[in-house]
Structure formats: structure tokens, C-alpha cells
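Okay, coords_34.csv now, which holds CSV, C-alpha atoms:
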chain,number,residue,atom,x,y,z
A,1,ALA,CA,-95.4,25.8,55.0
A,2,GLN,CA,-94.4,22.4,53.7
A,3,SER,CA,-91.0,21.0,53.1
A,4,VAL,CA,-89.3,17.7,52.2
A,5,THR,CA,-85.8,16.6,53.3
A,6,GLN,CA,-84.2,13.5,51.8
A,7,LEU,CA,-81.5,12.7,54.3
A,8,ASP,CA,-79.0,11.0,51.9
A,9,SER,CA,-78.0,12.4,48.5
A,10,HIS,CA,-76.4,9.1,47.6
A,11,VAL,CA,-77.0,5.5,48.8
A,12,SER,CA,-74.9,2.5,47.7
A,13,VAL,CA,-76.0,-1.1,48.3
A,14,SER,CA,-75.0,-4.5,47.0
A,15,GLU,CA,-77.4,-6.5,44.8
A,16,GLY,CA,-79.6,-8.6,47.0
A,17,THR,CA,-79.3,-6.5,50.1
A,18,PRO,CA,-82.0,-4.2,51.6
A,19,VAL,CA,-82.6,-0.7,50.5
A,20,LEU,CA,-83.5,2.2,52.8
A,21,LEU,CA,-84.0,5.7,51.4
A,22,ARG,CA,-84.9,8.3,54.1
A,23,CYS,CA,-87.4,11.1,53.8
A,24,ASN,CA,-88.7,13.6,56.4
A,25,TYR,CA,-91.4,16.1,55.7
A,26,SER,CA,-93.2,19.0,57.3
A,27,SER,CA,-96.7,20.1,56.4
A,28,SER,CA,-99.4,22.3,57.9
A,29,TYR,CA,-102.2,20.0,56.8
A,30,SER,CA,-102.7,16.3,56.3
A,31,PRO,CA,-100.4,15.7,53.4
A,32,SER,CA,-100.3,13.4,50.5
A,33,LEU,CA,-96.9,11.8,50.2
A,34,PHE,CA,-95.3,10.1,47.2
A,35,TRP,CA,-92.1,8.4,46.0
A,36,TYR,CA,-91.1,8.7,42.4
A,37,VAL,CA,-88.2,7.1,40.5
A,38,GLN,CA,-86.3,8.6,37.7
A,39,HIS,CA,-84.1,6.6,35.4
A,40,PRO,CA,-81.4,8.4,33.4
A,41,ASN,CA,-82.7,10.7,30.8
A,42,LYS,CA,-86.3,9.8,31.6
A,43,GLY,CA,-89.3,11.4,33.2
A,44,LEU,CA,-90.5,10.5,36.7
A,45,GLN,CA,-92.5,7.4,37.4
A,46,LEU,CA,-94.7,6.9,40.5
A,47,LEU,CA,-93.5,4.2,42.9
A,48,LEU,CA,-96.2,4.6,45.6
A,49,LYS,CA,-98.4,7.1,47.4
A,50,TYR,CA,-99.7,7.7,50.9
A,51,THR,CA,-103.1,9.3,51.3
A,52,SER,CA,-104.1,8.4,54.9
A,53,ALA,CA,-105.8,5.1,54.1
A,54,ALA,CA,-102.9,2.9,55.6
A,55,THR,CA,-99.6,3.8,57.1
A,56,LEU,CA,-97.7,1.0,55.3
A,57,VAL,CA,-97.9,1.6,51.6
A,58,LYS,CA,-96.9,-1.0,49.0
A,59,GLY,CA,-95.7,0.2,45.6
A,60,ILE,CA,-94.4,-1.2,42.4
A,61,ASN,CA,-91.2,-3.3,41.9
A,62,GLY,CA,-91.3,-4.5,45.5
A,63,PHE,CA,-90.9,-1.1,47.2
A,64,GLU,CA,-92.8,0.0,50.2
A,65,ALA,CA,-92.9,3.0,52.5
A,66,GLU,CA,-94.2,3.6,56.0
A,67,PHE,CA,-95.8,6.8,57.1
A,68,LYS,CA,-94.9,7.7,60.7
A,69,LYS,CA,-96.7,10.8,61.8
A,70,SER,CA,-94.9,11.1,65.1
A,71,GLU,CA,-91.5,11.1,63.3
A,72,THR,CA,-92.8,13.0,60.3
A,73,SER,CA,-91.1,10.4,58.1
A,74,PHE,CA,-91.9,8.5,55.0
A,75,HIS,CA,-88.9,6.2,54.4
A,76,LEU,CA,-88.7,4.0,51.3
A,77,THR,CA,-87.6,0.4,51.6
A,78,LYS,CA,-87.1,-2.7,49.5
A,79,PRO,CA,-86.0,-6.1,51.0
A,80,SER,CA,-83.6,-7.0,48.2
A,81,ALA,CA,-82.0,-4.6,45.7
A,82,HIS,CA,-81.8,-5.4,42.0
A,83,MET,CA,-79.4,-3.9,39.5
A,84,SER,CA,-82.4,-2.3,37.7
A,85,ASP,CA,-83.2,-0.3,40.8
A,86,ALA,CA,-80.2,2.0,40.2
A,87,ALA,CA,-81.8,5.4,39.7
A,88,GLU,CA,-82.7,8.6,41.4
A,89,TYR,CA,-85.6,8.6,43.9
A,90,PHE,CA,-87.7,11.6,44.9
A,91,CYS,CA,-89.9,12.0,48.0
A,92,VAL,CA,-92.7,14.4,47.3
A,93,VAL,CA,-95.3,16.1,49.5
A,94,SER,CA,-98.6,17.5,48.2
A,95,ASP,CA,-100.3,19.9,50.5
A,96,LEU,CA,-104.0,20.4,49.7
A,97,GLY,CA,-104.0,23.5,51.9
A,98,GLY,CA,-101.1,25.1,50.0
A,99,PHE,CA,-102.2,24.0,46.5
A,100,LYS,CA,-98.5,23.1,45.8
A,101,THR,CA,-96.3,20.1,45.4
A,102,ILE,CA,-92.8,20.1,46.9
A,103,PHE,CA,-90.0,17.7,45.8
A,104,GLY,CA,-87.1,16.6,47.9
A,105,ALA,CA,-83.6,17.0,46.4
A,106,GLY,CA,-83.4,13.4,45.4
A,107,THR,CA,-81.4,10.3,46.5
A,108,ARG,CA,-79.3,8.6,43.9
A,109,LEU,CA,-79.3,4.8,44.5
A,110,PHE,CA,-76.2,2.8,43.3
A,111,VAL,CA,-76.5,-1.0,43.2
A,112,LYS,CA,-73.2,-3.0,43.1
A,113,ALA,CA,-73.0,-6.4,41.6
B,114,ASN,CA,-102.7,6.6,24.9
B,115,ALA,CA,-99.8,9.1,24.7
B,116,GLY,CA,-100.0,10.5,28.3
B,117,VAL,CA,-98.0,13.7,28.7
B,118,THR,CA,-96.1,14.8,25.6
B,119,GLN,CA,-93.4,17.5,25.7
B,120,THR,CA,-91.8,19.2,22.7
B,121,PRO,CA,-89.1,19.8,21.8
B,122,LYS,CA,-86.8,17.2,23.6
B,123,PHE,CA,-83.7,19.4,23.2
B,124,GLN,CA,-83.2,23.0,22.5
B,125,VAL,CA,-80.2,25.4,22.4
B,126,LEU,CA,-80.9,29.2,22.7
B,127,LYS,CA,-78.9,32.3,22.8
B,128,THR,CA,-79.3,34.8,25.6
B,129,GLY,CA,-82.2,37.1,25.0
B,130,GLN,CA,-84.1,34.8,22.7
B,131,SER,CA,-87.6,33.7,23.4
B,132,MET,CA,-89.3,30.3,23.0
B,133,THR,CA,-92.2,28.2,24.0
B,134,LEU,CA,-92.0,24.8,25.5
B,135,GLN,CA,-95.1,22.7,24.6
B,136,CYS,CA,-96.9,20.3,26.8
B,137,ALA,CA,-100.0,18.3,26.0
B,138,GLN,CA,-101.9,15.6,27.8
B,139,ASP,CA,-104.7,13.4,26.6
B,140,MET,CA,-106.0,12.1,30.0
B,141,ASN,CA,-108.5,15.0,30.6
B,142,HIS,CA,-106.5,16.0,33.7
B,143,GLU,CA,-107.4,19.2,35.4
B,144,TYR,CA,-104.1,19.8,37.2
B,145,MET,CA,-101.0,20.6,35.2
B,146,SER,CA,-97.6,21.9,36.2
B,147,TRP,CA,-94.2,22.9,35.0
B,148,TYR,CA,-91.0,22.0,36.9
B,149,ARG,CA,-87.3,22.6,36.3
B,150,GLN,CA,-84.7,20.1,37.5
B,151,ASP,CA,-81.2,21.2,38.4
B,152,PRO,CA,-78.5,19.0,39.9
B,153,GLY,CA,-78.8,18.5,43.7
B,154,MET,CA,-82.1,20.6,43.8
B,155,GLY,CA,-84.8,18.1,42.9
B,156,LEU,CA,-87.7,19.5,40.9
B,157,ARG,CA,-88.8,23.0,41.6
B,158,LEU,CA,-92.3,24.2,40.7
B,159,ILE,CA,-92.4,27.0,38.2
B,160,HIS,CA,-96.2,27.5,37.4
B,161,TYR,CA,-99.2,25.3,37.8
B,162,SER,CA,-102.9,25.3,36.6
B,163,VAL,CA,-105.9,23.8,38.3
B,164,GLY,CA,-108.0,24.0,35.2
B,165,ALA,CA,-108.5,25.9,31.9
B,166,GLY,CA,-108.2,29.6,32.4
B,167,ILE,CA,-106.6,29.3,35.9
B,168,THR,CA,-102.9,29.5,36.5
B,169,ASP,CA,-100.7,30.4,39.5
B,170,GLN,CA,-97.1,30.8,40.4
B,171,GLY,CA,-95.0,28.2,41.9
B,172,GLU,CA,-91.6,28.4,43.7
B,173,VAL,CA,-89.5,29.8,40.8
B,174,PRO,CA,-91.8,31.7,38.4
B,175,ASN,CA,-89.6,34.6,37.4
B,176,GLY,CA,-88.7,34.7,33.7
B,177,TYR,CA,-91.5,32.3,32.7
B,178,ASN,CA,-95.1,32.8,31.6
B,179,VAL,CA,-97.9,30.3,31.2
B,180,SER,CA,-101.4,30.1,29.9
B,181,ARG,CA,-104.1,27.4,29.9
B,182,SER,CA,-106.7,28.0,27.2
B,183,THR,CA,-107.6,24.3,26.9
B,184,THR,CA,-107.6,21.4,29.3
B,185,GLU,CA,-105.1,19.6,27.1
B,186,ASP,CA,-102.4,22.2,26.6
B,187,PHE,CA,-100.1,24.1,29.0
B,188,PRO,CA,-97.3,25.9,27.2
B,189,LEU,CA,-94.4,27.5,29.1
B,190,ARG,CA,-92.9,30.6,27.6
B,191,LEU,CA,-89.4,32.0,28.2
B,192,LEU,CA,-89.7,35.7,27.3
B,193,SER,CA,-85.9,36.5,27.3
B,194,ALA,CA,-83.7,33.5,27.9
B,195,ALA,CA,-80.9,33.8,30.4
B,196,PRO,CA,-78.1,31.3,31.1
B,197,SER,CA,-79.6,30.7,34.6
B,198,GLN,CA,-82.5,29.1,32.8
B,199,THR,CA,-80.4,26.3,31.5
B,200,SER,CA,-82.1,23.2,32.9
B,201,VAL,CA,-84.3,20.2,32.3
B,202,TYR,CA,-87.9,21.1,32.2
B,203,PHE,CA,-90.7,18.7,33.0
B,204,CYS,CA,-94.4,19.0,32.5
B,205,ALA,CA,-96.8,17.0,34.6
B,206,SER,CA,-100.5,16.4,35.0
B,207,SER,CA,-102.8,14.8,37.4
B,208,TYR,CA,-106.6,14.3,37.9
B,209,SER,CA,-106.6,16.7,40.7
B,210,LEU,CA,-104.3,18.2,43.3
B,211,GLY,CA,-102.9,15.6,45.7
B,212,GLN,CA,-103.2,12.8,43.1
B,213,PRO,CA,-100.2,11.2,41.5
B,214,GLN,CA,-98.7,13.1,38.6
B,215,HIS,CA,-97.9,11.8,35.2
B,216,PHE,CA,-94.7,13.3,33.8
B,217,GLY,CA,-93.4,13.9,30.3
B,218,ASP,CA,-89.9,12.9,29.3
B,219,GLY,CA,-88.6,16.4,29.7
B,220,THR,CA,-87.1,19.2,27.6
B,221,ARG,CA,-83.3,19.7,27.9
B,222,LEU,CA,-82.7,23.4,27.4
B,223,SER,CA,-79.3,25.1,27.1
B,224,ILE,CA,-78.9,28.9,27.0
B,225,LEU,CA,-75.6,30.2,25.7
Will you turn the file into C-alpha cells for me?
Amino acid sequence: AQSVTQLDSHVSVSEGTPVLLRCNYSSSYSPSLFWYVQHPNKGLQLLLKYTSAATLVKGINGFEAEFKKSETSFHLTKPSAHMSDAAEYFCVVSDLGGFKTIFGAGTRLFVKA
Amino acid sequence: NAGVTQTPKFQVLKTGQSMTLQCAQDMNHEYMSWYRQDPGMGLRLIHYSVGAGITDQGEVPNGYNVSRSTTEDFPLRLLSAAPSQTSVYFCASSYSLGQPQHFGDGTRLSIL
């Protein structure tokens, strides 16, 4: 069975400081992992995806994530937060063996001026 | 290129009423899915389809029906609406399972 745990429901950072959003997963098979962002009253937009080609994945808007199999983690980072990064972020695992996609509960990112 | 289109954007129903949420995609994607989003729970999979004529249940299928007669369309039917179905519903599509999904803007549904 697969599952996703986002370790923080809320994260608050100051503009210009680093962002770390944490995600742990479990999967019976080699998973595909994604991060999506959702701005208020909008649908979800893909930030980045991991599909076993490289453990460090670069996405849009300066975000990146590192796949660590030994820790079953896929944390999302950004070196310097911008006000426009304030949104909700979802870690997602897609399990080919299970034919299903599981979303984490989400982490809301607040960016202070 | 419209992507994934959901209609309506907002809807208020009374308990017991039925309705269909529409979803259409113009990307020739095989995989389509319906999610509901509730505060603090992320998105939960209701039903999904891996191609025309093929559907299966997700995590929370009770009270919902789907069909997939064409590649483009994947409607979600509420047979007898209940207040517990008040939520934001998202339709998504992808080229295949395991590929990034494209999401619609959602349907905000309130059941009184």
C-alpha cells in the first residue's frame, strides 16, 4: 500500500529566506513522485516530478526536490522565498502497481515581507 | 488549447437532488480522474479511468458514479446528494498513469 505524509501543515518564512517543505512516502513499487502547487481558488499546477532518472529534480520557479530512497523522503526546497510562493503545496505518489495516485494532506506556505 | 475544462464552477444543491459534474479534456489523454478536496485532507481520489469504457473506484467512491464513453469526457454523477458531499471537486487528466496530471479549476459544490 502507498501513502504520503507531509510533515508540516503550515510553514512560515520571511521573503528571501530558504523554504523547506517535508514529505515522506511509502510505496510497494518504484513510485513516481510529484509536487504540485495550488494558489487560492485555483486548480493544481505541477512543480516537478521524480521518475527515477535523477535523485535531484529541478522544477519551475526555482524549486527543487531530492529523492532519498533510504529515508523514503522527497522534500521540496527553494533557496530564496518570494511573496508569490505563498500557496498550498501537495506531495503526491503515483504507484504503477496500484494504479492509483495518493495526495498528501498539503502544506500551506506563508511568506512574510 | 483549453486543457481540462470543468463545469459548472459553482453549484448549490438540496439534499437528495442529483446532478452531473462535467469534465472534458482536449489533450487526448487516456487517464482521467476525479478528486474531492476537503480542508486538511488533501485530495482524495473518487473514481478514475484508464481509457474509454474503463473505470474503477478510488479511495472514496460511495455516492458517486462515473462513465467514460469517449476519451475526452469523464462526467461525475451524484445520485442523491448529501451534506457530506459538500466539497471542491477536481477533474484531472494525464497521458498515462504515473505521468503528471493536468487539473481543471474545480467545481465548488454545496449541499444544503
Task: Contacts of segment 157-161 of chain B within 10 Å, all atoms listed in the file, excl. fewer than 6 positions in-chain, as a ChimeraX atom specification - done: /A:99-105 /B:144-151,167-181,187,189,202-206
Task: Counting only C-alpha atoms, chain B residues within 6 Å of chain A, as JSON, numbers by chain - done: {"B": [153, 154, 155, 156, 211, 216, 217, 218]}
For the residues selected in the previous step, produce a file with C-alpha atoms as a short mmCIF file (atom, residue, chain, number, x, y, z; two decimals), keeping the file's coordinate frame.
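Below is the file that was written, out_23.cif:
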data_model
loop_
_atom_site.label_atom_id
_atom_site.label_comp_id
_atom_site.auth_asym_id
_atom_site.auth_seq_id
_atom_site.Cartn_x
_atom_site.Cartn_y
_atom_site.Cartn_z
CA GLY B 153 -78.80 18.50 43.70
CA MET B 154 -82.10 20.60 43.80
CA GLY B 155 -84.80 18.10 42.90
CA LEU B 156 -87.70 19.50 40.90
CA GLY B 211 -102.90 15.60 45.70
CA PHE B 216 -94.70 13.30 33.80
CA GLY B 217 -93.40 13.90 30.30
CA ASP B 218 -89.90 12.90 29.30
#
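The space between atom CA of Met83 of chain A and atom CA of Thr17 of chain A spans 10.9 Å.
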Open item on the list: Applying 9 Å and only C-alpha atoms, which residues near His142 of chain B remain after dropping the ones on its own chain fewer than 3 positions away? List them as a list of chain:residue names.
Closed with: B:Gln138, B:Asp139, B:Met145, B:Gly164, B:Thr184, B:Glu185, B:Ser206, B:Ser207, B:Tyr208, B:Ser209
TODO: Would you kindly return, as number ranges by chain, each protein, DNA or RNA residue with an atom no farther than 12 Å from any atom of Gly129 of chain B, considering only C-alpha atoms and excluding same-chain residues fewer than 6 positions away?
DONE: B: 176, 191-198, 224-225
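Using only C-alpha atoms, the protein and nucleic acid residues lying no more than 12 Å from Ser73 of chain A, apart from those fewer than 3 places from it along its own chain, are Ser3, Val4, Thr5, Gln6, Leu7, Leu21, Arg22, Cys23, Asn24, Tyr25, Ser26, Ser27, Pro31, Leu33, Phe34, Tyr50, Thr55, Leu56, Ala65, Glu66, Phe67, Lys68, Lys69, Ser70, Leu76, Cys91, Val92 and Val93 of chain A.
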Using the atoms already present, construct all heavy atoms for segment 41-52 of chain A and hand them back as an mmCIF file, in the coordinates of the input.
data_model
loop_
_atom_site.group_PDB
_atom_site.id
_atom_site.type_symbol
_atom_site.label_atom_id
_atom_site.label_comp_id
_atom_site.auth_asym_id
_atom_site.auth_seq_id
_atom_site.Cartn_x
_atom_site.Cartn_y
_atom_site.Cartn_z
ATOM 1 N N ASN A 41 -82.149 10.124 31.972
ATOM 2 C CA ASN A 41 -82.700 10.700 30.800
ATOM 3 C C ASN A 41 -84.212 10.383 30.568
ATOM 4 O O ASN A 41 -84.690 10.337 29.424
ATOM 5 C CB ASN A 41 -81.936 10.361 29.521
ATOM 6 C CG ASN A 41 -80.509 10.845 29.612
ATOM 7 O OD1 ASN A 41 -80.244 11.975 29.988
ATOM 8 N ND2 ASN A 41 -79.576 9.964 29.309
ATOM 9 N N LYS A 42 -84.875 10.136 31.659
ATOM 10 C CA LYS A 42 -86.300 9.800 31.600
ATOM 11 C C LYS A 42 -87.095 10.732 32.512
ATOM 12 O O LYS A 42 -86.534 11.436 33.353
ATOM 13 C CB LYS A 42 -86.520 8.352 32.040
ATOM 14 C CG LYS A 42 -85.920 7.315 31.099
ATOM 15 C CD LYS A 42 -86.662 7.277 29.776
ATOM 16 C CE LYS A 42 -86.161 6.142 28.905
ATOM 17 N NZ LYS A 42 -86.845 6.135 27.579
ATOM 18 N N GLY A 43 -88.426 10.710 32.314
ATOM 19 C CA GLY A 43 -89.300 11.400 33.200
ATOM 20 C C GLY A 43 -89.447 10.624 34.529
ATOM 21 O O GLY A 43 -88.829 9.586 34.719
ATOM 22 N N LEU A 44 -90.266 11.138 35.424
ATOM 23 C CA LEU A 44 -90.500 10.500 36.700
ATOM 24 C C LEU A 44 -91.625 9.521 36.662
ATOM 25 O O LEU A 44 -92.634 9.768 36.003
ATOM 26 C CB LEU A 44 -90.745 11.559 37.784
ATOM 27 C CG LEU A 44 -89.528 12.293 38.346
ATOM 28 C CD1 LEU A 44 -88.957 13.266 37.331
ATOM 29 C CD2 LEU A 44 -89.882 13.005 39.634
ATOM 30 N N GLN A 45 -91.471 8.422 37.381
ATOM 31 C CA GLN A 45 -92.500 7.400 37.400
ATOM 32 C C GLN A 45 -92.928 7.200 38.883
ATOM 33 O O GLN A 45 -92.087 7.110 39.776
ATOM 34 C CB GLN A 45 -91.964 6.073 36.867
ATOM 35 C CG GLN A 45 -92.951 4.930 36.904
ATOM 36 C CD GLN A 45 -92.340 3.604 36.471
ATOM 37 O OE1 GLN A 45 -91.132 3.452 36.411
ATOM 38 N NE2 GLN A 45 -93.186 2.632 36.190
ATOM 39 N N LEU A 46 -94.227 7.111 39.112
ATOM 40 C CA LEU A 46 -94.700 6.900 40.500
ATOM 41 C C LEU A 46 -94.392 5.539 40.990
ATOM 42 O O LEU A 46 -94.658 4.533 40.337
ATOM 43 C CB LEU A 46 -96.247 7.119 40.475
ATOM 44 C CG LEU A 46 -96.918 6.914 41.832
ATOM 45 C CD1 LEU A 46 -96.569 8.058 42.777
ATOM 46 C CD2 LEU A 46 -98.438 6.809 41.667
ATOM 47 N N LEU A 47 -93.795 5.490 42.187
ATOM 48 C CA LEU A 47 -93.500 4.200 42.900
ATOM 49 C C LEU A 47 -94.703 3.875 43.807
ATOM 50 O O LEU A 47 -95.178 2.746 43.835
ATOM 51 C CB LEU A 47 -92.276 4.306 43.712
ATOM 52 C CG LEU A 47 -90.932 4.049 43.043
ATOM 53 C CD1 LEU A 47 -89.823 4.225 44.065
ATOM 54 C CD2 LEU A 47 -90.883 2.654 42.442
ATOM 55 N N LEU A 48 -95.103 4.850 44.622
ATOM 56 C CA LEU A 48 -96.200 4.600 45.600
ATOM 57 C C LEU A 48 -96.678 5.956 46.115
ATOM 58 O O LEU A 48 -96.013 6.977 45.948
ATOM 59 C CB LEU A 48 -95.719 3.716 46.724
ATOM 60 C CG LEU A 48 -94.425 4.078 47.446
ATOM 61 C CD1 LEU A 48 -94.648 5.132 48.503
ATOM 62 C CD2 LEU A 48 -93.800 2.833 48.087
ATOM 63 N N LYS A 49 -97.847 5.899 46.781
ATOM 64 C CA LYS A 49 -98.400 7.100 47.400
ATOM 65 C C LYS A 49 -99.074 6.803 48.691
ATOM 66 O O LYS A 49 -99.579 5.701 48.914
ATOM 67 C CB LYS A 49 -99.449 7.724 46.414
ATOM 68 C CG LYS A 49 -100.687 6.839 46.209
ATOM 69 C CD LYS A 49 -101.736 7.542 45.377
ATOM 70 C CE LYS A 49 -102.972 6.653 45.206
ATOM 71 N NZ LYS A 49 -104.044 7.338 44.445
ATOM 72 N N TYR A 50 -99.049 7.769 49.579
ATOM 73 C CA TYR A 50 -99.700 7.700 50.900
ATOM 74 C C TYR A 50 -100.810 8.769 50.889
ATOM 75 O O TYR A 50 -100.519 9.941 50.666
ATOM 76 C CB TYR A 50 -98.794 7.901 52.026
ATOM 77 C CG TYR A 50 -99.521 8.170 53.321
ATOM 78 C CD1 TYR A 50 -100.117 7.132 54.032
ATOM 79 C CD2 TYR A 50 -99.668 9.476 53.795
ATOM 80 C CE1 TYR A 50 -100.816 7.388 55.198
ATOM 81 C CE2 TYR A 50 -100.364 9.732 54.965
ATOM 82 C CZ TYR A 50 -100.933 8.679 55.656
ATOM 83 O OH TYR A 50 -101.642 8.939 56.798
ATOM 84 N N THR A 51 -102.047 8.352 51.163
ATOM 85 C CA THR A 51 -103.100 9.300 51.300
ATOM 86 C C THR A 51 -104.021 9.040 52.453
ATOM 87 O O THR A 51 -105.214 9.203 52.398
ATOM 88 C CB THR A 51 -103.960 9.360 49.972
ATOM 89 O OG1 THR A 51 -104.388 8.021 49.669
ATOM 90 C CG2 THR A 51 -103.182 9.901 48.813
ATOM 91 N N SER A 52 -103.441 8.571 53.541
ATOM 92 C CA SER A 52 -104.100 8.400 54.900
ATOM 93 C C SER A 52 -104.909 7.120 55.006
ATOM 94 O O SER A 52 -105.491 6.890 56.045
ATOM 95 C CB SER A 52 -104.934 9.608 55.248
ATOM 96 O OG SER A 52 -106.162 9.617 54.555
#
